[in-house]
Structures are given as C-alpha cells and as structure tokens.
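Here is entry.cif, consisting of mmCIF, C-alpha atoms and all ligand atoms:
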```
data_work
#
loop_
_atom_site.label_atom_id
_atom_site.label_comp_id
_atom_site.auth_asym_id
_atom_site.auth_seq_id
_atom_site.Cartn_x
_atom_site.Cartn_y
_atom_site.Cartn_z
CA MET A 1 119.25 72.24 108.10
CA SER A 2 116.06 73.48 106.43
CA ASP A 3 115.45 77.19 105.92
CA GLY A 4 113.77 79.14 108.68
CA LYS A 5 110.42 80.80 107.98
CA LEU A 6 111.83 84.29 107.40
CA LEU A 7 114.54 83.02 105.04
CA SER A 8 111.97 80.97 103.09
CA PHE A 9 109.79 84.07 102.73
CA VAL A 10 112.72 86.22 101.60
CA LYS A 11 113.76 83.60 99.01
CA GLU A 12 110.25 83.18 97.62
CA LEU A 13 109.60 86.92 97.41
CA THR A 14 112.99 87.43 95.73
CA LEU A 15 112.09 84.81 93.10
CA LEU A 16 108.73 86.50 92.52
CA LEU A 17 110.32 89.95 92.09
CA GLU A 18 112.99 88.44 89.78
CA GLN A 19 110.11 87.87 87.35
CA GLN A 20 109.36 91.64 87.28
CA ALA A 21 106.04 90.91 89.01
CA SER A 22 103.36 93.58 88.59
CA GLU A 23 101.80 95.19 91.63
CA GLU A 24 98.71 93.07 91.02
CA VAL A 25 100.81 89.90 91.22
CA ILE A 26 102.69 91.18 94.28
CA PHE A 27 99.34 91.84 96.00
CA THR A 28 98.11 88.30 95.21
CA LYS A 29 101.08 85.90 95.15
CA GLY A 30 103.32 88.06 97.36
CA LYS A 31 100.45 88.64 99.77
CA LYS A 32 99.94 84.85 100.07
CA LEU A 33 103.62 84.49 100.97
CA LEU A 34 103.24 87.09 103.73
CA GLU A 35 99.99 85.49 104.97
CA ASN A 36 101.90 82.23 105.21
CA LEU A 37 104.77 83.89 107.11
CA ILE A 38 102.48 85.45 109.72
CA SER A 39 100.10 82.48 110.04
CA VAL A 40 102.08 81.10 113.00
CA ASP A 41 103.72 83.47 115.49
CA ASP A 42 106.78 81.43 116.46
CA TRP A 43 109.70 82.77 114.42
CA LEU A 44 110.38 86.44 115.21
CA PRO A 45 113.50 86.73 117.43
CA GLU A 46 112.72 88.36 120.77
CA GLU A 47 115.04 91.33 120.22
CA PHE A 48 112.80 92.48 117.34
CA THR A 49 109.64 92.35 119.47
CA LYS A 50 110.60 94.97 122.05
CA PRO A 51 108.44 98.09 122.36
CA HIS A 52 109.81 101.51 123.33
CA PRO A 53 107.94 103.42 126.05
CA GLN A 54 107.50 106.47 123.81
CA TYR A 55 107.89 105.54 120.13
CA TYR A 56 106.69 102.69 117.95
CA GLN A 57 109.73 100.72 116.79
CA GLN A 58 110.77 99.72 113.28
CA TYR A 59 113.27 96.85 113.22
CA LEU A 60 114.77 95.98 109.85
CA LEU A 61 114.60 92.19 109.35
CA TYR A 62 115.89 92.06 105.77
CA ALA A 63 116.81 94.50 103.00
CA ASP A 64 117.18 93.31 99.43
CA PRO A 65 120.65 94.26 98.08
CA PHE A 66 119.03 95.88 95.01
CA ASP A 67 116.50 97.79 97.16
CA ARG A 68 113.62 95.92 95.53
CA PHE A 69 112.07 95.21 98.94
CA SER A 70 112.54 95.31 102.69
CA VAL A 71 110.96 93.43 105.60
CA VAL A 72 110.40 95.33 108.84
CA SER A 73 109.00 94.38 112.25
CA PHE A 74 106.78 97.21 113.60
CA VAL A 75 106.33 97.05 117.36
CA TRP A 76 103.66 99.19 118.97
CA GLY A 77 103.49 99.93 122.67
CA PRO A 78 100.04 100.46 124.23
CA GLY A 79 98.12 103.22 122.45
CA GLN A 80 101.00 104.24 120.14
CA LYS A 81 100.20 105.45 116.63
CA THR A 82 101.74 106.95 113.51
CA PRO A 83 101.05 110.39 112.13
CA VAL A 84 99.11 110.46 108.85
CA HIS A 85 101.77 109.42 106.32
CA ASN A 86 102.48 108.03 102.86
CA HIS A 87 104.93 105.39 101.56
CA THR A 88 105.51 106.20 97.83
CA VAL A 89 106.10 102.48 97.12
CA TRP A 90 103.87 99.39 97.43
CA GLY A 91 103.52 97.98 100.90
CA MET A 92 101.98 94.98 102.67
CA VAL A 93 101.23 94.96 106.39
CA GLY A 94 100.80 91.55 108.00
CA GLN A 95 99.46 91.39 111.55
CA LEU A 96 101.52 89.02 113.68
CA ARG A 97 100.47 89.79 117.24
CA GLY A 98 97.82 91.96 118.90
CA GLU A 99 95.57 94.29 116.89
CA GLU A 100 96.11 97.38 114.80
CA LYS A 101 93.69 99.96 113.51
CA GLY A 102 94.45 101.32 110.04
CA THR A 103 92.63 104.46 108.89
CA PRO A 104 92.87 105.57 105.25
CA TYR A 105 92.96 109.32 104.53
CA HIS A 106 91.73 111.00 101.35
CA GLN A 107 92.67 114.47 100.17
CA GLN A 108 89.78 116.91 99.77
CA ALA A 109 89.32 119.77 97.31
CA ASP A 110 90.48 122.28 99.94
CA GLY A 111 93.75 120.35 100.47
CA SER A 112 92.82 118.83 103.85
CA TYR A 113 92.68 115.07 104.45
CA LYS A 114 89.56 113.27 105.56
CA ALA A 115 89.59 109.93 107.41
CA GLY A 116 87.87 106.97 105.74
CA SER A 117 86.52 103.95 107.58
CA PRO A 118 89.14 102.21 109.69
CA THR A 119 90.10 98.54 109.38
CA ILE A 120 90.90 96.50 112.47
CA CYS A 121 93.69 94.06 111.64
CA LEU A 122 93.74 90.78 113.56
CA PRO A 123 96.60 88.26 113.52
CA GLY A 124 96.88 86.61 110.09
CA HIS A 125 95.42 89.61 108.22
CA VAL A 126 97.42 91.38 105.49
CA ASP A 127 96.61 94.95 104.47
CA THR A 128 98.15 96.86 101.54
CA VAL A 129 99.15 100.40 100.58
CA SER A 130 100.11 101.74 97.16
CA PRO A 131 100.83 105.14 95.63
CA ASN A 132 98.73 104.00 92.63
CA THR A 133 95.55 103.63 94.67
CA HIS A 134 95.64 104.15 98.47
CA ASP A 135 98.90 105.37 99.94
CA ILE A 136 97.99 107.68 102.83
CA HIS A 137 96.95 106.35 106.21
CA GLU A 138 97.36 106.39 109.97
CA VAL A 139 98.06 103.22 111.95
CA ALA A 140 97.48 102.73 115.66
CA ASN A 141 97.84 99.97 118.19
CA ASN A 142 94.25 99.00 118.87
CA HIS A 143 95.22 97.87 122.37
CA GLN A 144 95.67 100.31 125.24
CA ASP A 145 97.27 97.69 127.49
CA GLN A 146 99.49 95.46 125.35
CA THR A 147 102.06 95.38 122.56
CA SER A 148 101.03 94.76 118.95
CA ILE A 149 103.41 93.64 116.21
CA SER A 150 103.05 93.65 112.44
CA ILE A 151 105.44 92.58 109.69
CA HIS A 152 105.70 95.16 106.92
CA VAL A 153 107.04 94.48 103.44
CA TYR A 154 107.72 97.40 101.08
CA GLY A 155 108.84 97.74 97.47
CA ALA A 156 112.06 99.56 98.46
CA ASN A 157 114.40 99.85 101.43
CA ILE A 158 111.72 101.84 103.26
CA GLY A 159 114.06 103.17 105.94
CA LYS A 160 115.92 105.12 103.25
CA VAL A 161 112.90 106.42 101.32
CA GLN A 162 112.06 110.12 101.45
CA ARG A 163 108.32 110.37 102.10
CA ALA A 164 105.85 112.59 103.92
CA VAL A 165 103.66 113.07 106.96
CA PHE A 166 100.55 115.21 106.63
CA ASP A 167 98.64 117.51 108.90
CA PRO A 168 95.12 116.33 108.04
CA ILE A 169 93.51 119.67 108.88
CA THR A 170 95.77 122.06 106.96
CA GLY A 171 97.04 119.50 104.44
CA THR A 172 100.61 120.63 105.18
CA GLU A 173 103.18 118.06 104.12
CA LYS A 174 106.46 117.41 105.96
CA ILE A 175 109.20 115.28 104.41
CA PHE A 176 110.73 112.50 106.54
CA ILE A 177 112.93 109.41 106.28
CA SER A 178 111.95 106.75 108.81
CA GLY A 179 115.21 104.82 109.41
CA TYR A 180 115.39 101.76 111.68
CA ALA A 181 115.73 101.18 115.42
CA ASN A 182 118.27 98.33 115.09
CA SER A 183 121.86 98.36 113.88
CA LEU A 184 122.10 94.55 113.52
CA VAL A 185 119.74 92.45 111.40
CA PRO A 186 118.72 88.82 112.10
CA ASN A 187 121.00 86.01 110.97
CA LEU A 188 118.78 84.22 108.45
FE FE A 201 102.15 103.09 106.78
#
```
Please render this file's structure as structure tokens.
Amino acid sequence: MSDGKLLSFVKELTLLLEQQASEEVIFTKGKKLLENLISVDDWLPEEFTKPHPQYYQQYLLYADPFDRFSVVSFVWGPGQKTPVHNHTVWGMVGQLRGEEKGTPYHQQADGSYKAGSPTICLPGHVDTVSPNTHDIHEVANNHQDQTSISIHVYGANIGKVQRAVFDPITGTEKIFISGYANSLVPNL
C-alpha cells in the first residue's frame, strides 16, 4: 500500500529537518510540502474536522518524537477567533477549508500592540509566523456561518510550548500552554 498524504508529508518534512534546514529553507521547501498537502481536501479524517460550539479546536495529527515539529488541525466554528498571541517557534499555516483572517500585531513604543493589515487565507494558501520576524497575530474564522479548517505545522510540539497571549491595549502578557483537544492521534 502506498503512503497516505499525511504520512508522505511527515516523512518528507522529517527528511528536510534531518538536514538541519534553516528557517529560510523550511519556509521555501517545507512550505511547498505543506502547499502540496493542502492542495486537495480529501485526506483529513472526519474526527479531526469537528468544531466545538464555543472554542476553536486544535487536534494533534502528528508530533515528531524529538519535538522538532508538530502537525495540528485547527477547526474554527462560525466567527471564532484567537486572542492576540505568539508562538516562539517557526510556524506554517495552510488553509484547507473555508477562509481565515490573519492579523499581524506590532508592539508600539508605549508597550501596546497595533494591528497591521489582515490577510485573508483561501484554501491552498500557506502563511508563516516566526519569532525572528513576525510572531504575534490574531486569527479568526472569516466565515460567520460555516466551519473553517487550517493545517498548522510548528517547529516544536506546540501543545507543550509555553507562550503568551497579549492584551493589545495595555500590552499585558499572559503565559499559556495550548494543549490539544484529542487524546488519540490518526493512524498514519
Ligand atoms: Fe497563531
């Protein structure tokens, strides 16, 4: 039996990271791998597509045993959005279904955070975040009446990473660890 799409992606990204790929290479070659994965929406098992009425869901699809990367399905119910937050590791966000609006935030001299121009992500589009350049943003489902799903890939096991949410007005930072909604991962 040939590898499924998710397993092929995991294998290829593992091989790339084995070569100690720089962030620049991850955001070119790795990004292409993710673009390929999300180019056809026919592989994500249904149990990792389910929205929650109140909270956006983060389903772990794969975690590298050396914590070099993780793959997570983000499922947004109508109108759901994140607080302004950071990641502290590189990240790639590939739109699989629906539409998301990503808004970058930039810290000002007085400590507050100001919103930059938002990007609307359509299926097939891959966005990036990085503590080296642009790590703080807010993400929202751009649909008020349907679910949106994106596949996130991070340079760590993101559900275990201590990171922060920000109050954009006061600049106050609150530490959080995101965790995952699922206790069982897909059988690759
Ligand atoms: Fe994010």
Which of A:Ile38, A:Ile175, A:Val72, A:Ala21 sits closest to Val126 of chain A [using only C-alpha atoms]: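 Distance minimum relative to Val126 of chain A lands on A:Ile38.
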Check which residues of chain A sit at most 12 Å from ligand FE 201 (chain A) using all atoms listed in the file, and return one row each with the closest pair of atoms and their distance in Å to one decimal, ordered by chain and rising number, as a Markdown table.
```
| residue | atom | partner | partner_atom | distance |
| --- | --- | --- | --- | --- |
| A:Gln58 | CA | A:FE201 | FE | 11.3 |
| A:Val72 | CA | A:FE201 | FE | 11.5 |
| A:Phe74 | CA | A:FE201 | FE | 10.1 |
| A:Lys81 | CA | A:FE201 | FE | 10.3 |
| A:Thr82 | CA | A:FE201 | FE | 7.8 |
| A:Pro83 | CA | A:FE201 | FE | 9.1 |
| A:Val84 | CA | A:FE201 | FE | 8.2 |
| A:His85 | CA | A:FE201 | FE | 6.4 |
| A:Asn86 | CA | A:FE201 | FE | 6.3 |
| A:His87 | CA | A:FE201 | FE | 6.3 |
| A:Thr88 | CA | A:FE201 | FE | 10.1 |
| A:Val89 | CA | A:FE201 | FE | 10.5 |
| A:Trp90 | CA | A:FE201 | FE | 10.2 |
| A:Gly91 | CA | A:FE201 | FE | 7.9 |
| A:Met92 | CA | A:FE201 | FE | 9.1 |
| A:Val93 | CA | A:FE201 | FE | 8.2 |
| A:Gly94 | CA | A:FE201 | FE | 11.7 |
| A:Glu100 | CA | A:FE201 | FE | 11.6 |
| A:Lys101 | CA | A:FE201 | FE | 11.3 |
| A:Gly102 | CA | A:FE201 | FE | 8.5 |
| A:Thr103 | CA | A:FE201 | FE | 9.8 |
| A:Pro104 | CA | A:FE201 | FE | 9.7 |
| A:Tyr105 | CA | A:FE201 | FE | 11.3 |
| A:Asp127 | CA | A:FE201 | FE | 10.1 |
| A:Thr128 | CA | A:FE201 | FE | 9.1 |
| A:Val129 | CA | A:FE201 | FE | 7.4 |
| A:Ser130 | CA | A:FE201 | FE | 9.9 |
| A:Pro131 | CA | A:FE201 | FE | 11.4 |
| A:His134 | CA | A:FE201 | FE | 10.6 |
| A:Asp135 | CA | A:FE201 | FE | 7.9 |
| A:Ile136 | CA | A:FE201 | FE | 7.3 |
| A:His137 | CA | A:FE201 | FE | 6.2 |
| A:Glu138 | CA | A:FE201 | FE | 6.6 |
| A:Val139 | CA | A:FE201 | FE | 6.6 |
| A:Ala140 | CA | A:FE201 | FE | 10.0 |
| A:Ser150 | CA | A:FE201 | FE | 11.0 |
| A:Ile151 | CA | A:FE201 | FE | 11.4 |
| A:His152 | CA | A:FE201 | FE | 8.7 |
| A:Val153 | CA | A:FE201 | FE | 10.4 |
| A:Tyr154 | CA | A:FE201 | FE | 9.8 |
| A:Ile158 | CA | A:FE201 | FE | 10.3 |
| A:Gly159 | CA | A:FE201 | FE | 11.9 |
| A:Arg163 | CA | A:FE201 | FE | 10.6 |
| A:Ala164 | CA | A:FE201 | FE | 10.6 |
| A:Val165 | CA | A:FE201 | FE | 10.1 |
| A:Ser178 | CA | A:FE201 | FE | 10.7 |
```
Could you write out the selected residues, including C-alpha atoms, as a PDB file, in the frame of the given file?
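Resulting contents of out.pdb:
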```
ATOM      1  CA  GLN A  58     110.770  99.720 113.280  1.00  0.00           C
ATOM      2  CA  VAL A  72     110.400  95.330 108.840  1.00  0.00           C
ATOM      3  CA  PHE A  74     106.780  97.210 113.600  1.00  0.00           C
ATOM      4  CA  LYS A  81     100.200 105.450 116.630  1.00  0.00           C
ATOM      5  CA  THR A  82     101.740 106.950 113.510  1.00  0.00           C
ATOM      6  CA  PRO A  83     101.050 110.390 112.130  1.00  0.00           C
ATOM      7  CA  VAL A  84      99.110 110.460 108.850  1.00  0.00           C
ATOM      8  CA  HIS A  85     101.770 109.420 106.320  1.00  0.00           C
ATOM      9  CA  ASN A  86     102.480 108.030 102.860  1.00  0.00           C
ATOM     10  CA  HIS A  87     104.930 105.390 101.560  1.00  0.00           C
ATOM     11  CA  THR A  88     105.510 106.200  97.830  1.00  0.00           C
ATOM     12  CA  VAL A  89     106.100 102.480  97.120  1.00  0.00           C
ATOM     13  CA  TRP A  90     103.870  99.390  97.430  1.00  0.00           C
ATOM     14  CA  GLY A  91     103.520  97.980 100.900  1.00  0.00           C
ATOM     15  CA  MET A  92     101.980  94.980 102.670  1.00  0.00           C
ATOM     16  CA  VAL A  93     101.230  94.960 106.390  1.00  0.00           C
ATOM     17  CA  GLY A  94     100.800  91.550 108.000  1.00  0.00           C
ATOM     18  CA  GLU A 100      96.110  97.380 114.800  1.00  0.00           C
ATOM     19  CA  LYS A 101      93.690  99.960 113.510  1.00  0.00           C
ATOM     20  CA  GLY A 102      94.450 101.320 110.040  1.00  0.00           C
ATOM     21  CA  THR A 103      92.630 104.460 108.890  1.00  0.00           C
ATOM     22  CA  PRO A 104      92.870 105.570 105.250  1.00  0.00           C
ATOM     23  CA  TYR A 105      92.960 109.320 104.530  1.00  0.00           C
ATOM     24  CA  ASP A 127      96.610  94.950 104.470  1.00  0.00           C
ATOM     25  CA  THR A 128      98.150  96.860 101.540  1.00  0.00           C
ATOM     26  CA  VAL A 129      99.150 100.400 100.580  1.00  0.00           C
ATOM     27  CA  SER A 130     100.110 101.740  97.160  1.00  0.00           C
ATOM     28  CA  PRO A 131     100.830 105.140  95.630  1.00  0.00           C
ATOM     29  CA  HIS A 134      95.640 104.150  98.470  1.00  0.00           C
ATOM     30  CA  ASP A 135      98.900 105.370  99.940  1.00  0.00           C
ATOM     31  CA  ILE A 136      97.990 107.680 102.830  1.00  0.00           C
ATOM     32  CA  HIS A 137      96.950 106.350 106.210  1.00  0.00           C
ATOM     33  CA  GLU A 138      97.360 106.390 109.970  1.00  0.00           C
ATOM     34  CA  VAL A 139      98.060 103.220 111.950  1.00  0.00           C
ATOM     35  CA  ALA A 140      97.480 102.730 115.660  1.00  0.00           C
ATOM     36  CA  SER A 150     103.050  93.650 112.440  1.00  0.00           C
ATOM     37  CA  ILE A 151     105.440  92.580 109.690  1.00  0.00           C
ATOM     38  CA  HIS A 152     105.700  95.160 106.920  1.00  0.00           C
ATOM     39  CA  VAL A 153     107.040  94.480 103.440  1.00  0.00           C
ATOM     40  CA  TYR A 154     107.720  97.400 101.080  1.00  0.00           C
ATOM     41  CA  ILE A 158     111.720 101.840 103.260  1.00  0.00           C
ATOM     42  CA  GLY A 159     114.060 103.170 105.940  1.00  0.00           C
ATOM     43  CA  ARG A 163     108.320 110.370 102.100  1.00  0.00           C
ATOM     44  CA  ALA A 164     105.850 112.590 103.920  1.00  0.00           C
ATOM     45  CA  VAL A 165     103.660 113.070 106.960  1.00  0.00           C
ATOM     46  CA  SER A 178     111.950 106.750 108.810  1.00  0.00           C
TER      47      SER A 178
END
```
Which is closest to Leu13 of chain A among A:Gly111, A:Gly30, A:Pro168, A:Pro53, if we use only C-alpha atoms?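 Under the stated criterion, the closest residue is A:Gly30.
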9 Å contact set for Gln146 of chain A, only C-alpha atoms, chain neighbours under 4 positions out, as number ranges by chain: A: 76-79, 98, 141
Considering all atoms listed in the file, can you say which of A:Asn142, A:Val25, A:Val161, A:Val185 comes closest to Thr119 of chain A?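 Of the candidates, the smallest distance to Thr119 of chain A is held by A:Asn142.
Each of A:Thr133, A:Val75, A:Asn157, A:Phe9 was compared to Glu35 of chain A using only C-alpha atoms, and A:Phe9 turns out to be the nearest.
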Considering all atoms listed in the file, state which residue in the set A:Gln107, A:Asn182, A:Asn187, A:Arg68 is at the smallest distance from Leu6 of chain A. A:Asn187
Students should find that atom CA of Leu15 of chain A and atom CA of Leu184 of chain A are spaced 24.7 Å
One decimal, in Å: what's the spacing between atom CA of Lys174 of chain A and atom CA of His106 of chain A?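 Going from atom CA of Lys174 of chain A over to atom CA of His106 of chain A, I get 16.7 Å.
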What does the structure give for the distance between atom CA of Gln95 of chain A and atom CA of Ile149 of chain A, in Å to one decimal?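 Going from atom CA of Gln95 of chain A over to atom CA of Ile149 of chain A covers 6.5 Å.
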Using all atoms listed in the file for the distances, tell me which of A:Phe66, A:Tyr113, A:Phe166, A:Tyr55 is nearest to Thr147 of chain A. A:Tyr55
Find the spatial neighbours of Val10 of chain A, counting all atoms listed in the file, within a cut-off of 10 Å - ignore same-chain residues fewer than 2 positions away - and output them as a list in words. Lys5, Leu6, Leu7, Ser8, Glu12, Leu13, Thr14, Leu15, Leu16, Leu33, Leu34, Leu37, Leu61, Tyr62, Ala63, Asp64, Phe69, Ser70, Val71 and Leu188 of chain A
Draw an axis-aligned box over all listed atoms of segment 122-136 of chain A, pad each side with 5 Å, and write its centre and edge lengths in Å, one decimal, as JSON.
```
{"center_x": 97.3, "center_y": 97.1, "center_z": 103.1, "size_x": 17.1, "size_y": 31.1, "size_z": 30.9}
```
